[in-house]
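Structure, as structure tokens:
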Amino acid sequence: SGPWPFSLLFAPFLLAHTRILNTDPLLALALTISWLALMIGATGGQRRYLVISGVGFGLALLTKTPALLVTPLVIGWIFWQQGHRQSSAGDVLRAGAIDLAWFAVPAALTCLVLWPALWVAPLATLQRSIEFAAVLGQTGHELGNFWLGQPVEGPGALFYPAVLLWRSTPVTLIGLVLAILALTAAALGRLRSATPKNGQESRSAAWALVLFVAWFAVAMSLSPKKFDRYLLPAFPAVDILAAWGWLTAVRWISAAWRRRAASRQTTQAPRFGGRPQGVRMPASGTGWAIVAMLVLVSLQAASAFSHLPTYLTAYNPLLGGLRTAERVMLVGWGEGLEQAAAYLDQPPDASTLRVAAWYGSNVFGPFFRGRSYDLHYDLRTAADLYANDVDYVVTYINQLQRQLLDASIAGRLGTIS
């Protein structure tokens with residue numbers, strides 16, 4: 001469990017969005033805490049963790065309605081775990097209902113205490129929230145999307161698997177593959193656990209994380225409105241899985257090395273006892289495991305810090321990084337526009353300049369000393385630019401991906417001054 005917090009601390013996709021004022025990272029953290037606590041509480045019968053899980057789930061619901069998508073998974077997990085402990089169907093239903101109450105009551109109280117609208121009109125408030133979420137979830141983005149080199153209304157079912165590949169780091173992706181291989185080998189009975197006391201318990205926890213990631217990704221795929229950040233709640237679980245995968249691999253290699261060293265010593269031992277000269281006794285694998293984890297954490301940190309200051313440009317270099325991602329999915333949250341603004345701020349008369357830019361009002365404008373317009377909502381055509389005496393036009397990658405730049409402007413870029 002040691003490297004898990006560090007795998008989350010240096011996850012660039014999570015870092016990028018926790019520095020932005022939006023609800024997705026809050027939802028990710030609340031759902032992660034809720035699911036981890038539920039794993040402990042439902043599996044081990046520790047109801048204080050069910051309370052923690054319920055509070056976390058309540059906070060997730062208050063943050064964003066997609067938290068509701070996890071509800072069937074929570075209910076199923078609670079009753080599934082009771083099925084392993086109880087001998088009859090009646091006992092499963094009774095014990096599961098009690099555990100569910102320990103989870104649901106704190107969740108409901110959290111929502112009630114922190115959502116004042118529920119104090120006045122609870123049913124009407126819930127109805128409006130659900131209807132609003134349903135409307136948004138059934139329609140694509142108003143400006144469209146981009147997928148596999150083409151502007152589209154909504155990407156297909158492979159979008160979120162692609163997000164997982166490109167938005168992870170090499171350390172995370174390889175660790176995730178190792179985790180899947182370890183779970184598969186264990187399921188086939190071909191994995192000799194390096195930690196026999198808690199090997200089965202840790203694999204059960206890993207399977208629970210796999211279930212959460214798969215459930216959330218499939219549920220989000222049902223909506224035509226898809227963006228990479230919508231998968232963010234699955235990434236903490238993915239990072240934890242990756243850390244477990246690496247830790248399992250390191251322990252397995254260390255155990256195999258010790259067995260091999262012990263076998264060599266046995267075959268080379270002198271007939272009348274004593275230690276043979278030149279043969280080392282098998283050392284503990286703990287030191288090697290610590291070194292390996294420090295190296296992996298350092299590599300994970302390097303993956304993040306190489307994309308300062310925003311981390312939003314971090315795409316997996318194993319898949320070609322940003323250069324290939326921009327040909328597959330929608331990229332860009334406005335990062336880089338501050339550099340364009342700084343460049344146009346250099347002339348002495350910058351305060352008198354007029355610039356039309358993508359995200360011109362909410363991203364470019366605050367960094368620019370002159371007058372800025374939004375290159376979509378304010379000014380759409382070349383005639384608009386000339387009418388407002390615009391000096392420069394700043395386009396942006398996801399504007400070009402979705403072909404949102406008007407043809408009258410695209411044909412005159414470089415001539416407007």
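Labels for the structure tokens follow display order: chains A, B, ..., residues from 1 in each chain, ligands from 1.
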- Quick one: residues within 6 Å of segment 339-344 of chain A, only C-alpha atoms counted, chain neighbours fewer than 3 positions away excluded, as a VMD selection string? chain A and resid 336 367 to 368
- List every residue of segment 131-164 of chain A that DSSP, applied to the backbone of this structure, places in strand (DSSP E), and write the result as a PyMOL selection string. chain A and resi 145-147+150-152
Would you output that residue set with N, CA and C atoms, as a short mmCIF file (atom, residue, chain, number, x, y, z; two decimals), in the first residue's frame?
data_model
loop_
_atom_site.label_atom_id
_atom_site.label_comp_id
_atom_site.auth_asym_id
_atom_site.auth_seq_id
_atom_site.Cartn_x
_atom_site.Cartn_y
_atom_site.Cartn_z
N ASN A 145 -17.88 17.47 -31.39
CA ASN A 145 -16.74 16.77 -30.84
C ASN A 145 -15.80 16.37 -31.99
N PHE A 146 -14.77 15.62 -31.66
CA PHE A 146 -13.78 15.20 -32.65
C PHE A 146 -13.34 13.79 -32.31
N TRP A 147 -13.32 12.92 -33.34
CA TRP A 147 -12.97 11.53 -33.08
C TRP A 147 -12.38 10.91 -34.34
N GLN A 150 -12.05 13.15 -37.50
CA GLN A 150 -13.23 13.76 -38.08
C GLN A 150 -14.05 14.48 -37.01
N PRO A 151 -14.64 15.64 -37.35
CA PRO A 151 -15.58 16.27 -36.43
C PRO A 151 -16.87 15.44 -36.36
N VAL A 152 -17.32 15.13 -35.17
CA VAL A 152 -18.52 14.30 -34.99
C VAL A 152 -19.37 14.91 -33.88
#
- Item | Close residues, Gly189 of chain A itself excluded, 12 Å, only C-alpha atoms, min 6 positions apart in chain, as a ChimeraX atom specification | /A:182-183,200
- Nearby residues (only C-alpha atoms) at most 12 Å from Ala133 of chain A, same-chain spacing under 3 positions excluded, as number ranges by chain: A: 61, 64-69, 126-130, 136-139, 223, 225
Listing only residues of segment 30-76 of chain A within 10 Å of segment 113-119 of chain A, what is the closest atom pair and its distance in Å (to one decimal) for each, using only C-alpha atoms, sorted by chain and residue number ascending, as CSV?
residue,atom,partner,partner_atom,distance
A:Gly58,CA,A:Leu114,CA,9.3
A:Leu59,CA,A:Leu114,CA,8.7
A:Leu62,CA,A:Trp115,CA,7.4
Can you spit out the residues from that selection as a PDB file, in the first residue's frame, using C-alpha atoms?
ATOM      1  CA  GLY A  58     -23.397  11.937  -0.599  1.00  0.00           C
ATOM      2  CA  LEU A  59     -20.662  14.449  -1.398  1.00  0.00           C
ATOM      3  CA  LEU A  62     -23.924  16.915  -4.364  1.00  0.00           C
TER       4      LEU A  62
END
- Do you know which residues are at most 10 Å from segment 17-24 of chain A counting only C-alpha atoms, after dropping those on the same chain fewer than 5 positions away, and could you put them as a ChimeraX atom specification? /A:12,29-30,60,62-64,66,229-233,310-312,333
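Of note, atom CA of Gly144 of chain A and atom CA of Pro224 of chain A are spaced 10.5 Å apart.
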- Message: Based on the backbone DSSP call, show me all residues of segment 117-301 of chain A assigned helix (DSSP H, G or I), as a VMD selection string.
- Response: chain A and resid 117 to 120 122 to 137 159 to 167 170 to 187 199 to 221 228 to 268 286 to 301
Quick one: contact table of segment 177-222 of chain A to segment 75-93 of chain A, 12 Å max, nearest atom pair and distance in Å to one decimal per residue, counting only C-alpha atoms, chain and number order, as CSV?
residue,atom,partner,partner_atom,distance
A:Ser204,CA,A:Gln81,CA,11.0
A:Ala205,CA,A:Trp77,CA,11.9
A:Trp207,CA,A:Trp77,CA,11.7
A:Ala208,CA,A:Trp77,CA,8.8
A:Leu209,CA,A:Trp77,CA,11.6
A:Leu211,CA,A:Trp77,CA,9.8
A:Phe212,CA,A:Trp77,CA,10.1
A:Trp215,CA,A:Gly76,CA,11.8
Write to file, as a short mmCIF file (atom, residue, chain, number, x, y, z; two decimals), in the first residue's frame, the residues of the selection just made, with C-alpha atoms.
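Okay, this is what ended up in again_32.cif:
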data_model
loop_
_atom_site.label_atom_id
_atom_site.label_comp_id
_atom_site.auth_asym_id
_atom_site.auth_seq_id
_atom_site.Cartn_x
_atom_site.Cartn_y
_atom_site.Cartn_z
CA SER A 204 -10.04 -9.29 -4.23
CA ALA A 205 -9.49 -5.58 -3.69
CA TRP A 207 -10.86 -7.05 -8.73
CA ALA A 208 -13.15 -4.57 -6.97
CA LEU A 209 -11.20 -1.68 -8.50
CA LEU A 211 -15.13 -3.65 -11.51
CA PHE A 212 -15.49 0.03 -10.56
CA TRP A 215 -18.72 -0.11 -14.64
#
Any chance you could tabulate, as CSV, the residues of segment 155-197 of chain A at most 10 Å from segment 288-297 of chain A with each one's nearest atom pair and distance in Å to one decimal, using only C-alpha atoms, in chain and rising number order?
residue,atom,partner,partner_atom,distance
A:Pro170,CA,A:Leu296,CA,10.0
A:Val171,CA,A:Leu296,CA,6.7
A:Thr172,CA,A:Leu296,CA,9.4
A:Gly175,CA,A:Leu296,CA,9.8
Using only N, CA, C and O atoms, please write the residues we just selected to a file, as a short mmCIF file (atom, residue, chain, number, x, y, z; two decimals), in the first residue's frame.
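Written file, selection_4.cif:
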data_model
loop_
_atom_site.label_atom_id
_atom_site.label_comp_id
_atom_site.auth_asym_id
_atom_site.auth_seq_id
_atom_site.Cartn_x
_atom_site.Cartn_y
_atom_site.Cartn_z
N PRO A 170 3.23 6.22 -18.88
CA PRO A 170 3.85 4.91 -19.10
C PRO A 170 3.86 4.03 -17.85
O PRO A 170 3.60 2.83 -17.93
N VAL A 171 4.16 4.63 -16.70
CA VAL A 171 4.20 3.86 -15.46
C VAL A 171 2.82 3.30 -15.14
O VAL A 171 2.66 2.13 -14.78
N THR A 172 1.80 4.13 -15.29
CA THR A 172 0.43 3.69 -14.99
C THR A 172 -0.03 2.62 -15.97
O THR A 172 -0.59 1.60 -15.57
N GLY A 175 1.84 -0.63 -15.43
CA GLY A 175 1.38 -1.20 -14.16
C GLY A 175 -0.01 -1.78 -14.27
O GLY A 175 -0.32 -2.82 -13.67
#
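Shortest atom-to-atom contact with Phe13 of chain A among A:Ala255, A:Leu31, A:Val163, A:Ala187: A:Val163, counting only C-alpha atoms.
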- Message: Excluding Phe57 of chain A and its own-chain neighbours fewer than 2 positions away, which residues fall within 10 Å of it when counting only C-alpha atoms? Please give them as JSON, numbers by chain.
- Response: {"A": [27, 30, 31, 32, 33, 34, 35, 38, 51, 52, 53, 54, 55, 59, 60, 61, 62, 63, 67, 68, 70, 71, 74, 103, 104, 106, 107, 108, 110, 111]}
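Using only C-alpha atoms, the smallest distance between any of A:Val363, A:Leu353, A:Ala407, A:Ala124 and Asp391 of chain A comes from A:Leu353.
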- Query: Excluding same-chain residues fewer than 4 positions from Ala242 of chain A, what lies within 10 Å of it counting only C-alpha atoms, as a ChimeraX atom specification?
  - Reply: /A:4,7,171-180,206,236-238,246-248
